[in-house]
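Asks: Next up, model-v6.cif (mmCIF, N, CA, C and O atoms).
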data_protein
#
loop_
_atom_site.label_atom_id
_atom_site.label_comp_id
_atom_site.auth_asym_id
_atom_site.auth_seq_id
_atom_site.Cartn_x
_atom_site.Cartn_y
_atom_site.Cartn_z
N MET A 1 0.83 -1.18 0.00
CA MET A 1 0.00 0.00 0.00
C MET A 1 0.88 1.25 0.00
O MET A 1 1.98 1.22 0.51
N LEU A 2 0.34 2.34 -0.53
CA LEU A 2 1.14 3.55 -0.62
C LEU A 2 0.30 4.81 -0.47
O LEU A 2 -0.92 4.78 -0.58
N THR A 3 1.00 5.92 -0.24
CA THR A 3 0.37 7.23 -0.19
C THR A 3 0.62 7.91 -1.53
O THR A 3 1.76 8.01 -1.98
N LEU A 4 -0.46 8.36 -2.15
CA LEU A 4 -0.36 9.06 -3.43
C LEU A 4 -0.32 10.56 -3.19
O LEU A 4 -1.19 11.12 -2.52
N ASP A 5 0.70 11.21 -3.73
CA ASP A 5 0.81 12.66 -3.73
C ASP A 5 1.09 13.05 -5.18
O ASP A 5 2.24 13.03 -5.63
N PRO A 6 0.03 13.40 -5.94
CA PRO A 6 0.19 13.70 -7.37
C PRO A 6 1.16 14.83 -7.67
O PRO A 6 1.69 14.91 -8.78
N SER A 7 1.44 15.69 -6.70
CA SER A 7 2.38 16.79 -6.92
C SER A 7 3.75 16.28 -7.35
O SER A 7 4.45 16.93 -8.13
N HIS A 8 4.13 15.11 -6.88
CA HIS A 8 5.44 14.56 -7.20
C HIS A 8 5.52 14.05 -8.63
O HIS A 8 6.61 13.77 -9.13
N PHE A 9 4.37 13.95 -9.31
CA PHE A 9 4.38 13.56 -10.72
C PHE A 9 4.32 14.77 -11.64
O PHE A 9 4.33 14.64 -12.86
N LEU A 10 4.24 15.96 -11.05
CA LEU A 10 4.33 17.21 -11.81
C LEU A 10 5.67 17.89 -11.58
O LEU A 10 6.11 18.71 -12.38
N GLN A 11 6.30 17.58 -10.46
CA GLN A 11 7.61 18.13 -10.09
C GLN A 11 8.47 16.96 -9.61
O GLN A 11 7.96 15.96 -9.16
N GLY A 12 9.74 17.08 -9.68
CA GLY A 12 10.62 16.08 -9.10
C GLY A 12 11.06 14.99 -10.06
O GLY A 12 10.92 15.11 -11.28
N ALA A 13 11.55 13.92 -9.49
CA ALA A 13 12.18 12.84 -10.26
C ALA A 13 11.23 12.13 -11.22
O ALA A 13 11.66 11.58 -12.23
N HIS A 14 9.94 12.12 -10.93
CA HIS A 14 8.97 11.40 -11.77
C HIS A 14 8.10 12.35 -12.58
O HIS A 14 6.99 12.00 -12.98
N LYS A 15 8.61 13.55 -12.82
CA LYS A 15 7.88 14.59 -13.55
C LYS A 15 7.35 14.05 -14.87
O LYS A 15 8.08 13.42 -15.63
N ASN A 16 6.07 14.28 -15.10
CA ASN A 16 5.38 13.92 -16.35
C ASN A 16 5.25 12.41 -16.59
O ASN A 16 4.90 12.01 -17.69
N GLU A 17 5.50 11.60 -15.59
CA GLU A 17 5.31 10.16 -15.76
C GLU A 17 3.85 9.80 -15.50
O GLU A 17 3.20 10.39 -14.65
N ASP A 18 3.36 8.82 -16.23
CA ASP A 18 2.00 8.32 -16.01
C ASP A 18 2.01 7.51 -14.71
O ASP A 18 2.82 6.61 -14.54
N PHE A 19 1.10 7.85 -13.81
CA PHE A 19 1.08 7.15 -12.52
C PHE A 19 -0.18 6.32 -12.32
O PHE A 19 -0.50 5.92 -11.20
N ASP A 20 -0.89 6.00 -13.39
CA ASP A 20 -2.10 5.19 -13.29
C ASP A 20 -1.85 3.83 -12.64
O ASP A 20 -2.72 3.29 -11.97
N ILE A 21 -0.67 3.30 -12.81
CA ILE A 21 -0.34 1.98 -12.29
C ILE A 21 -0.42 1.92 -10.76
O ILE A 21 -0.62 0.85 -10.19
N VAL A 22 -0.30 3.06 -10.08
CA VAL A 22 -0.29 3.03 -8.61
C VAL A 22 -1.68 3.01 -7.99
O VAL A 22 -1.83 2.66 -6.81
N PHE A 23 -2.71 3.41 -8.72
CA PHE A 23 -4.04 3.55 -8.13
C PHE A 23 -4.57 2.32 -7.40
O PHE A 23 -5.18 2.45 -6.34
N PRO A 24 -4.35 1.11 -7.88
CA PRO A 24 -4.84 -0.06 -7.13
C PRO A 24 -4.19 -0.23 -5.74
O PRO A 24 -4.72 -0.93 -4.90
N TYR A 25 -3.06 0.41 -5.50
CA TYR A 25 -2.31 0.24 -4.27
C TYR A 25 -2.42 1.41 -3.29
O TYR A 25 -1.82 1.39 -2.23
N VAL A 26 -3.19 2.43 -3.66
CA VAL A 26 -3.28 3.65 -2.85
C VAL A 26 -4.14 3.40 -1.61
O VAL A 26 -5.25 2.88 -1.70
N ASN A 27 -3.60 3.79 -0.43
CA ASN A 27 -4.42 3.74 0.78
C ASN A 27 -4.41 5.07 1.53
O ASN A 27 -4.94 5.16 2.62
N ASN A 28 -3.80 6.10 0.93
CA ASN A 28 -3.81 7.45 1.49
C ASN A 28 -3.51 8.41 0.34
O ASN A 28 -2.75 8.07 -0.57
N VAL A 29 -4.11 9.61 0.39
CA VAL A 29 -3.92 10.59 -0.68
C VAL A 29 -3.63 11.96 -0.06
O VAL A 29 -4.34 12.39 0.85
N HIS A 30 -2.59 12.63 -0.57
CA HIS A 30 -2.26 14.00 -0.17
C HIS A 30 -2.47 14.90 -1.38
O HIS A 30 -1.91 14.64 -2.45
N LEU A 31 -3.26 15.96 -1.23
CA LEU A 31 -3.56 16.84 -2.36
C LEU A 31 -3.23 18.30 -2.07
O LEU A 31 -3.48 18.79 -0.97
N ARG A 32 -2.71 18.95 -3.06
CA ARG A 32 -2.47 20.39 -3.10
C ARG A 32 -2.40 20.72 -4.59
O ARG A 32 -2.23 19.82 -5.40
N ASP A 33 -2.52 21.96 -4.98
CA ASP A 33 -2.36 22.28 -6.39
C ASP A 33 -0.89 22.55 -6.66
O ASP A 33 -0.20 23.16 -5.84
N THR A 34 -0.43 22.09 -7.81
CA THR A 34 0.98 22.16 -8.17
C THR A 34 1.10 22.56 -9.63
O THR A 34 0.38 22.04 -10.48
N GLY A 35 2.02 23.47 -9.90
CA GLY A 35 2.31 23.86 -11.27
C GLY A 35 3.44 23.01 -11.83
O GLY A 35 3.92 22.09 -11.18
N ILE A 36 3.86 23.35 -13.03
CA ILE A 36 4.94 22.58 -13.66
C ILE A 36 6.26 23.35 -13.70
O ILE A 36 7.28 22.79 -14.04
N GLY A 37 6.23 24.62 -13.34
CA GLY A 37 7.44 25.43 -13.38
C GLY A 37 8.25 25.32 -12.10
O GLY A 37 7.75 24.86 -11.07
N PRO A 38 9.48 25.79 -12.15
CA PRO A 38 10.31 25.81 -10.95
C PRO A 38 9.64 26.64 -9.85
O PRO A 38 9.07 27.70 -10.11
N GLY A 39 9.69 26.14 -8.63
CA GLY A 39 9.10 26.86 -7.51
C GLY A 39 7.59 26.80 -7.44
O GLY A 39 6.97 27.51 -6.65
N GLU A 40 6.96 25.93 -8.23
CA GLU A 40 5.49 25.83 -8.25
C GLU A 40 4.99 24.51 -7.66
O GLU A 40 3.96 24.00 -8.05
N PHE A 41 5.73 23.95 -6.70
CA PHE A 41 5.28 22.71 -6.07
C PHE A 41 3.96 22.92 -5.36
O PHE A 41 3.12 22.02 -5.29
N GLN A 42 3.75 24.12 -4.87
CA GLN A 42 2.50 24.46 -4.17
C GLN A 42 2.06 25.84 -4.65
O GLN A 42 2.74 26.83 -4.43
N VAL A 43 0.90 25.87 -5.33
CA VAL A 43 0.35 27.13 -5.84
C VAL A 43 -1.10 27.26 -5.39
O VAL A 43 -1.69 26.33 -4.85
N ARG A 44 -1.69 28.42 -5.66
CA ARG A 44 -3.10 28.62 -5.32
C ARG A 44 -3.96 27.60 -6.05
O ARG A 44 -3.69 27.24 -7.19
N VAL A 45 -5.03 27.17 -5.39
CA VAL A 45 -5.96 26.21 -5.99
C VAL A 45 -6.53 26.82 -7.26
O VAL A 45 -6.99 27.96 -7.27
N GLY A 46 -6.46 26.06 -8.33
CA GLY A 46 -6.94 26.52 -9.63
C GLY A 46 -5.85 27.04 -10.54
O GLY A 46 -6.06 27.19 -11.73
N GLN A 47 -4.66 27.28 -10.00
CA GLN A 47 -3.56 27.78 -10.81
C GLN A 47 -2.57 26.68 -11.18
O GLN A 47 -1.62 26.94 -11.92
N GLY A 48 -2.79 25.50 -10.69
CA GLY A 48 -1.87 24.40 -10.94
C GLY A 48 -2.38 23.45 -12.00
O GLY A 48 -3.33 23.74 -12.72
N ARG A 49 -1.75 22.30 -12.06
CA ARG A 49 -2.05 21.30 -13.08
C ARG A 49 -2.60 19.98 -12.55
O ARG A 49 -2.70 19.01 -13.29
N VAL A 50 -2.93 19.91 -11.25
CA VAL A 50 -3.45 18.67 -10.69
C VAL A 50 -4.87 18.47 -11.22
O VAL A 50 -5.73 19.35 -11.10
N ASP A 51 -5.12 17.31 -11.82
CA ASP A 51 -6.44 16.98 -12.37
C ASP A 51 -7.22 16.20 -11.30
O ASP A 51 -7.24 14.97 -11.29
N TYR A 52 -7.87 16.94 -10.43
CA TYR A 52 -8.58 16.33 -9.30
C TYR A 52 -9.70 15.40 -9.75
O TYR A 52 -9.88 14.33 -9.18
N ALA A 53 -10.44 15.79 -10.77
CA ALA A 53 -11.55 14.95 -11.25
C ALA A 53 -11.02 13.59 -11.72
O ALA A 53 -11.62 12.55 -11.42
N ARG A 54 -9.94 13.59 -12.45
CA ARG A 54 -9.36 12.34 -12.94
C ARG A 54 -8.87 11.48 -11.77
O ARG A 54 -9.08 10.27 -11.74
N ILE A 55 -8.24 12.10 -10.80
CA ILE A 55 -7.72 11.37 -9.64
C ILE A 55 -8.87 10.74 -8.86
O ILE A 55 -8.83 9.56 -8.52
N VAL A 56 -9.91 11.51 -8.58
CA VAL A 56 -11.06 10.98 -7.84
C VAL A 56 -11.72 9.85 -8.63
O VAL A 56 -12.08 8.82 -8.06
N ASP A 57 -11.84 10.02 -9.94
CA ASP A 57 -12.44 8.98 -10.77
C ASP A 57 -11.63 7.69 -10.71
O ASP A 57 -12.18 6.60 -10.52
N LYS A 58 -10.31 7.80 -10.82
CA LYS A 58 -9.46 6.60 -10.76
C LYS A 58 -9.53 5.94 -9.38
O LYS A 58 -9.60 4.71 -9.28
N LEU A 59 -9.53 6.74 -8.33
CA LEU A 59 -9.62 6.18 -6.98
C LEU A 59 -10.95 5.44 -6.79
O LEU A 59 -10.97 4.33 -6.25
N GLU A 60 -12.04 6.04 -7.25
CA GLU A 60 -13.35 5.37 -7.15
C GLU A 60 -13.36 4.08 -7.95
O GLU A 60 -13.92 3.07 -7.52
N ARG A 61 -12.75 4.10 -9.11
CA ARG A 61 -12.71 2.91 -9.98
C ARG A 61 -12.03 1.73 -9.28
O ARG A 61 -12.39 0.58 -9.50
N TYR A 62 -11.05 2.02 -8.43
CA TYR A 62 -10.34 0.97 -7.71
C TYR A 62 -10.85 0.77 -6.29
O TYR A 62 -10.20 0.12 -5.48
N GLY A 63 -12.01 1.33 -5.98
CA GLY A 63 -12.65 1.07 -4.70
C GLY A 63 -12.08 1.82 -3.51
O GLY A 63 -12.30 1.42 -2.36
N TYR A 64 -11.37 2.90 -3.75
CA TYR A 64 -10.81 3.69 -2.66
C TYR A 64 -11.96 4.30 -1.86
O TYR A 64 -12.83 4.97 -2.43
N ASN A 65 -11.98 4.06 -0.55
CA ASN A 65 -13.06 4.59 0.28
C ASN A 65 -12.53 5.22 1.57
O ASN A 65 -13.13 5.12 2.62
N ARG A 66 -11.41 5.88 1.45
CA ARG A 66 -10.77 6.52 2.60
C ARG A 66 -10.76 8.03 2.39
O ARG A 66 -11.30 8.54 1.43
N ALA A 67 -10.10 8.70 3.28
CA ALA A 67 -10.06 10.17 3.24
C ALA A 67 -9.15 10.68 2.13
O ALA A 67 -8.22 10.00 1.69
N LEU A 68 -9.44 11.89 1.69
CA LEU A 68 -8.55 12.64 0.81
C LEU A 68 -7.95 13.74 1.68
O LEU A 68 -8.68 14.56 2.24
N THR A 69 -6.66 13.76 1.83
CA THR A 69 -6.00 14.72 2.71
C THR A 69 -5.58 15.96 1.94
O THR A 69 -4.87 15.86 0.93
N VAL A 70 -6.04 17.11 2.39
CA VAL A 70 -5.59 18.37 1.83
C VAL A 70 -4.26 18.68 2.50
O VAL A 70 -4.20 18.88 3.71
N ALA A 71 -3.18 18.69 1.72
CA ALA A 71 -1.83 18.79 2.27
C ALA A 71 -1.14 20.07 1.82
O ALA A 71 -0.10 20.04 1.18
N ILE A 72 -1.72 21.20 2.15
CA ILE A 72 -1.11 22.48 1.83
C ILE A 72 -0.19 22.86 2.98
O ILE A 72 -0.63 23.01 4.11
N ILE A 73 1.07 22.97 2.67
CA ILE A 73 2.09 23.22 3.68
C ILE A 73 2.16 24.71 4.00
O ILE A 73 2.21 25.54 3.10
N ASP A 74 2.16 25.04 5.29
CA ASP A 74 2.24 26.43 5.72
C ASP A 74 3.70 26.86 5.72
O ASP A 74 4.49 26.40 6.54
N ARG A 75 4.04 27.73 4.78
CA ARG A 75 5.41 28.23 4.67
C ARG A 75 5.39 29.75 4.65
O ARG A 75 4.48 30.37 4.10
N ILE A 76 6.42 30.35 5.19
CA ILE A 76 6.52 31.81 5.22
C ILE A 76 6.49 32.38 3.80
O ILE A 76 5.88 33.42 3.56
N GLU A 77 7.11 31.71 2.86
CA GLU A 77 7.20 32.22 1.49
C GLU A 77 5.92 32.03 0.67
O GLU A 77 5.85 32.46 -0.48
N ASN A 78 4.89 31.39 1.23
CA ASN A 78 3.63 31.23 0.50
C ASN A 78 3.04 32.60 0.18
O ASN A 78 2.87 33.42 1.08
N PRO A 79 2.69 32.84 -1.07
CA PRO A 79 2.08 34.12 -1.43
C PRO A 79 0.56 34.09 -1.25
O PRO A 79 -0.16 34.86 -1.89
N PHE A 80 0.06 33.19 -0.42
CA PHE A 80 -1.38 33.04 -0.22
C PHE A 80 -1.69 32.63 1.20
O PHE A 80 -0.81 32.17 1.92
N ASP A 81 -2.95 32.78 1.57
CA ASP A 81 -3.43 32.38 2.89
C ASP A 81 -3.74 30.88 2.86
O ASP A 81 -4.62 30.45 2.12
N ARG A 82 -3.02 30.11 3.64
CA ARG A 82 -3.18 28.65 3.65
C ARG A 82 -4.60 28.23 3.98
O ARG A 82 -5.16 27.34 3.33
N GLU A 83 -5.22 28.85 4.97
CA GLU A 83 -6.57 28.47 5.37
C GLU A 83 -7.58 28.69 4.25
O GLU A 83 -8.49 27.87 4.05
N VAL A 84 -7.43 29.76 3.51
CA VAL A 84 -8.32 30.03 2.38
C VAL A 84 -8.15 28.95 1.32
O VAL A 84 -9.13 28.43 0.77
N GLU A 85 -6.91 28.58 1.03
CA GLU A 85 -6.65 27.56 0.02
C GLU A 85 -7.17 26.19 0.46
O GLU A 85 -7.69 25.44 -0.36
N VAL A 86 -7.05 25.88 1.74
CA VAL A 86 -7.58 24.61 2.25
C VAL A 86 -9.10 24.57 2.05
O VAL A 86 -9.64 23.57 1.58
N ARG A 87 -9.77 25.65 2.37
CA ARG A 87 -11.24 25.69 2.19
C ARG A 87 -11.62 25.56 0.72
O ARG A 87 -12.55 24.84 0.37
N LYS A 88 -10.88 26.24 -0.17
CA LYS A 88 -11.18 26.15 -1.60
C LYS A 88 -11.01 24.73 -2.12
O LYS A 88 -11.86 24.22 -2.85
N LEU A 89 -9.94 24.08 -1.71
CA LEU A 89 -9.70 22.71 -2.17
C LEU A 89 -10.73 21.75 -1.58
O LEU A 89 -11.22 20.86 -2.27
N LYS A 90 -11.10 21.96 -0.34
CA LYS A 90 -12.14 21.13 0.29
C LYS A 90 -13.45 21.25 -0.49
O LYS A 90 -14.10 20.24 -0.80
N LEU A 91 -13.84 22.47 -0.81
CA LEU A 91 -15.09 22.67 -1.57
C LEU A 91 -15.00 22.03 -2.96
O LEU A 91 -15.96 21.41 -3.43
N LEU A 92 -13.87 22.17 -3.61
CA LEU A 92 -13.69 21.54 -4.91
C LEU A 92 -13.82 20.03 -4.83
O LEU A 92 -14.55 19.40 -5.61
N LEU A 93 -13.15 19.43 -3.86
CA LEU A 93 -13.21 17.98 -3.71
C LEU A 93 -14.60 17.49 -3.38
O LEU A 93 -15.02 16.43 -3.85
N GLU A 94 -15.34 18.26 -2.58
CA GLU A 94 -16.71 17.87 -2.23
C GLU A 94 -17.61 17.81 -3.46
O GLU A 94 -18.55 17.02 -3.51
N THR A 95 -17.33 18.61 -4.47
CA THR A 95 -18.13 18.56 -5.71
C THR A 95 -17.82 17.32 -6.53
O THR A 95 -18.61 16.93 -7.38
N LEU A 96 -16.68 16.70 -6.28
CA LEU A 96 -16.24 15.56 -7.08
C LEU A 96 -16.59 14.21 -6.45
O LEU A 96 -16.53 13.19 -7.13
N ILE A 97 -16.91 14.20 -5.15
CA ILE A 97 -17.19 12.89 -4.52
C ILE A 97 -18.66 12.76 -4.19
O ILE A 97 -19.42 13.66 -4.23
#
Output the file's structure in the form of structure tokens.
Replies:
Amino acid sequence: MLTLDPSHFLQGAHKNEDFDIVFPYVNNVHLRDTGIGPGEFQVRVGQGRVDYARIVDKLERYGYNRALTVAIIDRIENPFDREVEVRKLKLLLETLI
């Protein structure tokens, strides 16, 4: 079993790799919006490239019935209010499940 954090497939060592193969093994999910440029590991909700609808659809297809964790990290350099972004992502996810 594994924890899925789609941000790592937009940034980092596995950038742009297809990660569909991991969905049957997911038992925890961490979500935040992430861009593809340098320094965009965490961006405002709606400004990134995470396809939440696709992720939720794949998780449902494999019978995932656990929590979706909103994992927005509170950093001094964030150009946004973390609590506002958490609420926005929560509302977005609620429309998808």
Asks: Evaluated on this file, the PyMOL selection byres ((chain A and resi 1) around 5) picks out some residues - which ones are they, written as a list in words?
Replies: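 On the file shown, the PyMOL selection byres ((chain A and resi 1) around 5) covers Leu2, Thr3 and Tyr25 of chain A.
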Asks: What would the selection look like, as an MDAnalysis selection string, if the PyMOL selection byres (((chain A and resi 64 and name CA) around 10) and name CA) were run on the coordinates I just shared?
Replies: chainID A and resid 23:29 56:63 65:68
Asks: Would you please work out which residue, of A:Ser7, A:Lys15, A:Ile97, A:Asp20, is nearest to Glu40 in chain A when using all atoms listed in the file?
Replies: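 Nearest to Glu40 in chain A: A:Ser7.
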Asks: What does the distance from CA of Gly39 in chain A to CA of Thr95 in chain A come to in Å, to one decimal?
Replies: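 For CA of Gly39 in chain A relative to CA of Thr95 in chain A, the distance reads 28.5 Å.
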Asks: Could you check which of A:Ile76, A:Ala13, A:Val45, A:Val22 is closest to Leu91 in chain A, using only C-alpha atoms?
Replies: A:Val45
Asks: Mind filling out range 65-76 of chain A with all heavy atoms and sending it as a PDB file, in the coordinates of the input?
Replies:
ATOM      1  N   ASN A  65     -11.980   4.060  -0.550  1.00  0.00           N
ATOM      2  CA  ASN A  65     -13.060   4.590   0.280  1.00  0.00           C
ATOM      3  C   ASN A  65     -12.530   5.220   1.570  1.00  0.00           C
ATOM      4  O   ASN A  65     -13.130   5.120   2.620  1.00  0.00           O
ATOM      5  CB  ASN A  65     -14.074   3.484   0.607  1.00  0.00           C
ATOM      6  CG  ASN A  65     -13.471   2.357   1.403  1.00  0.00           C
ATOM      7  OD1 ASN A  65     -12.269   2.325   1.650  1.00  0.00           O
ATOM      8  ND2 ASN A  65     -14.289   1.418   1.808  1.00  0.00           N
ATOM      9  N   ARG A  66     -11.410   5.880   1.450  1.00  0.00           N
ATOM     10  CA  ARG A  66     -10.770   6.520   2.600  1.00  0.00           C
ATOM     11  C   ARG A  66     -10.760   8.030   2.390  1.00  0.00           C
ATOM     12  O   ARG A  66     -11.300   8.540   1.430  1.00  0.00           O
ATOM     13  CB  ARG A  66      -9.344   5.999   2.756  1.00  0.00           C
ATOM     14  CG  ARG A  66      -9.302   4.513   3.035  1.00  0.00           C
ATOM     15  CD  ARG A  66      -7.879   4.002   2.938  1.00  0.00           C
ATOM     16  NE  ARG A  66      -7.858   2.567   3.092  1.00  0.00           N
ATOM     17  CZ  ARG A  66      -7.225   1.947   4.065  1.00  0.00           C
ATOM     18  NH1 ARG A  66      -6.572   2.624   4.974  1.00  0.00           N
ATOM     19  NH2 ARG A  66      -7.250   0.643   4.140  1.00  0.00           N
ATOM     20  N   ALA A  67     -10.100   8.700   3.280  1.00  0.00           N
ATOM     21  CA  ALA A  67     -10.060  10.170   3.240  1.00  0.00           C
ATOM     22  C   ALA A  67      -9.150  10.680   2.130  1.00  0.00           C
ATOM     23  O   ALA A  67      -8.220  10.000   1.690  1.00  0.00           O
ATOM     24  CB  ALA A  67      -9.556  10.713   4.579  1.00  0.00           C
ATOM     25  N   LEU A  68      -9.440  11.890   1.690  1.00  0.00           N
ATOM     26  CA  LEU A  68      -8.550  12.640   0.810  1.00  0.00           C
ATOM     27  C   LEU A  68      -7.950  13.740   1.680  1.00  0.00           C
ATOM     28  O   LEU A  68      -8.680  14.560   2.240  1.00  0.00           O
ATOM     29  CB  LEU A  68      -9.322  13.264  -0.355  1.00  0.00           C
ATOM     30  CG  LEU A  68     -10.045  12.288  -1.268  1.00  0.00           C
ATOM     31  CD1 LEU A  68     -10.905  13.051  -2.273  1.00  0.00           C
ATOM     32  CD2 LEU A  68      -9.061  11.381  -1.987  1.00  0.00           C
ATOM     33  N   THR A  69      -6.660  13.760   1.830  1.00  0.00           N
ATOM     34  CA  THR A  69      -6.000  14.720   2.710  1.00  0.00           C
ATOM     35  C   THR A  69      -5.580  15.960   1.940  1.00  0.00           C
ATOM     36  O   THR A  69      -4.870  15.860   0.930  1.00  0.00           O
ATOM     37  CB  THR A  69      -4.728  14.074   3.332  1.00  0.00           C
ATOM     38  OG1 THR A  69      -5.105  12.875   3.996  1.00  0.00           O
ATOM     39  CG2 THR A  69      -4.058  15.019   4.294  1.00  0.00           C
ATOM     40  N   VAL A  70      -6.040  17.110   2.390  1.00  0.00           N
ATOM     41  CA  VAL A  70      -5.590  18.370   1.830  1.00  0.00           C
ATOM     42  C   VAL A  70      -4.260  18.680   2.500  1.00  0.00           C
ATOM     43  O   VAL A  70      -4.200  18.880   3.710  1.00  0.00           O
ATOM     44  CB  VAL A  70      -6.621  19.496   2.059  1.00  0.00           C
ATOM     45  CG1 VAL A  70      -6.084  20.826   1.594  1.00  0.00           C
ATOM     46  CG2 VAL A  70      -7.940  19.156   1.355  1.00  0.00           C
ATOM     47  N   ALA A  71      -3.180  18.690   1.720  1.00  0.00           N
ATOM     48  CA  ALA A  71      -1.830  18.790   2.270  1.00  0.00           C
ATOM     49  C   ALA A  71      -1.140  20.070   1.820  1.00  0.00           C
ATOM     50  O   ALA A  71      -0.100  20.040   1.180  1.00  0.00           O
ATOM     51  CB  ALA A  71      -1.019  17.561   1.872  1.00  0.00           C
ATOM     52  N   ILE A  72      -1.720  21.200   2.150  1.00  0.00           N
ATOM     53  CA  ILE A  72      -1.110  22.480   1.830  1.00  0.00           C
ATOM     54  C   ILE A  72      -0.190  22.860   2.980  1.00  0.00           C
ATOM     55  O   ILE A  72      -0.630  23.010   4.110  1.00  0.00           O
ATOM     56  CB  ILE A  72      -2.174  23.560   1.568  1.00  0.00           C
ATOM     57  CG1 ILE A  72      -3.021  23.150   0.360  1.00  0.00           C
ATOM     58  CG2 ILE A  72      -1.524  24.913   1.356  1.00  0.00           C
ATOM     59  CD1 ILE A  72      -4.170  24.068   0.047  1.00  0.00           C
ATOM     60  N   ILE A  73       1.070  22.970   2.670  1.00  0.00           N
ATOM     61  CA  ILE A  73       2.090  23.220   3.680  1.00  0.00           C
ATOM     62  C   ILE A  73       2.160  24.710   4.000  1.00  0.00           C
ATOM     63  O   ILE A  73       2.210  25.540   3.100  1.00  0.00           O
ATOM     64  CB  ILE A  73       3.457  22.703   3.183  1.00  0.00           C
ATOM     65  CG1 ILE A  73       3.341  21.213   2.832  1.00  0.00           C
ATOM     66  CG2 ILE A  73       4.547  22.944   4.219  1.00  0.00           C
ATOM     67  CD1 ILE A  73       4.454  20.693   1.960  1.00  0.00           C
ATOM     68  N   ASP A  74       2.160  25.040   5.290  1.00  0.00           N
ATOM     69  CA  ASP A  74       2.240  26.430   5.720  1.00  0.00           C
ATOM     70  C   ASP A  74       3.700  26.860   5.720  1.00  0.00           C
ATOM     71  O   ASP A  74       4.490  26.400   6.540  1.00  0.00           O
ATOM     72  CB  ASP A  74       1.625  26.578   7.115  1.00  0.00           C
ATOM     73  CG  ASP A  74       1.412  28.014   7.508  1.00  0.00           C
ATOM     74  OD1 ASP A  74       1.459  28.900   6.633  1.00  0.00           O
ATOM     75  OD2 ASP A  74       1.182  28.269   8.703  1.00  0.00           O
ATOM     76  N   ARG A  75       4.040  27.730   4.780  1.00  0.00           N
ATOM     77  CA  ARG A  75       5.410  28.230   4.670  1.00  0.00           C
ATOM     78  C   ARG A  75       5.390  29.750   4.650  1.00  0.00           C
ATOM     79  O   ARG A  75       4.480  30.370   4.100  1.00  0.00           O
ATOM     80  CB  ARG A  75       6.063  27.738   3.389  1.00  0.00           C
ATOM     81  CG  ARG A  75       6.252  26.253   3.364  1.00  0.00           C
ATOM     82  CD  ARG A  75       7.007  25.840   2.128  1.00  0.00           C
ATOM     83  NE  ARG A  75       7.289  24.419   2.182  1.00  0.00           N
ATOM     84  CZ  ARG A  75       7.454  23.673   1.118  1.00  0.00           C
ATOM     85  NH1 ARG A  75       7.377  24.202  -0.079  1.00  0.00           N
ATOM     86  NH2 ARG A  75       7.712  22.391   1.242  1.00  0.00           N
ATOM     87  N   ILE A  76       6.420  30.350   5.190  1.00  0.00           N
ATOM     88  CA  ILE A  76       6.520  31.810   5.220  1.00  0.00           C
ATOM     89  C   ILE A  76       6.490  32.380   3.800  1.00  0.00           C
ATOM     90  O   ILE A  76       5.880  33.420   3.560  1.00  0.00           O
ATOM     91  CB  ILE A  76       7.796  32.252   5.965  1.00  0.00           C
ATOM     92  CG1 ILE A  76       7.637  31.925   7.449  1.00  0.00           C
ATOM     93  CG2 ILE A  76       8.092  33.726   5.760  1.00  0.00           C
ATOM     94  CD1 ILE A  76       8.867  32.192   8.276  1.00  0.00           C
TER      95      ILE A  76
END
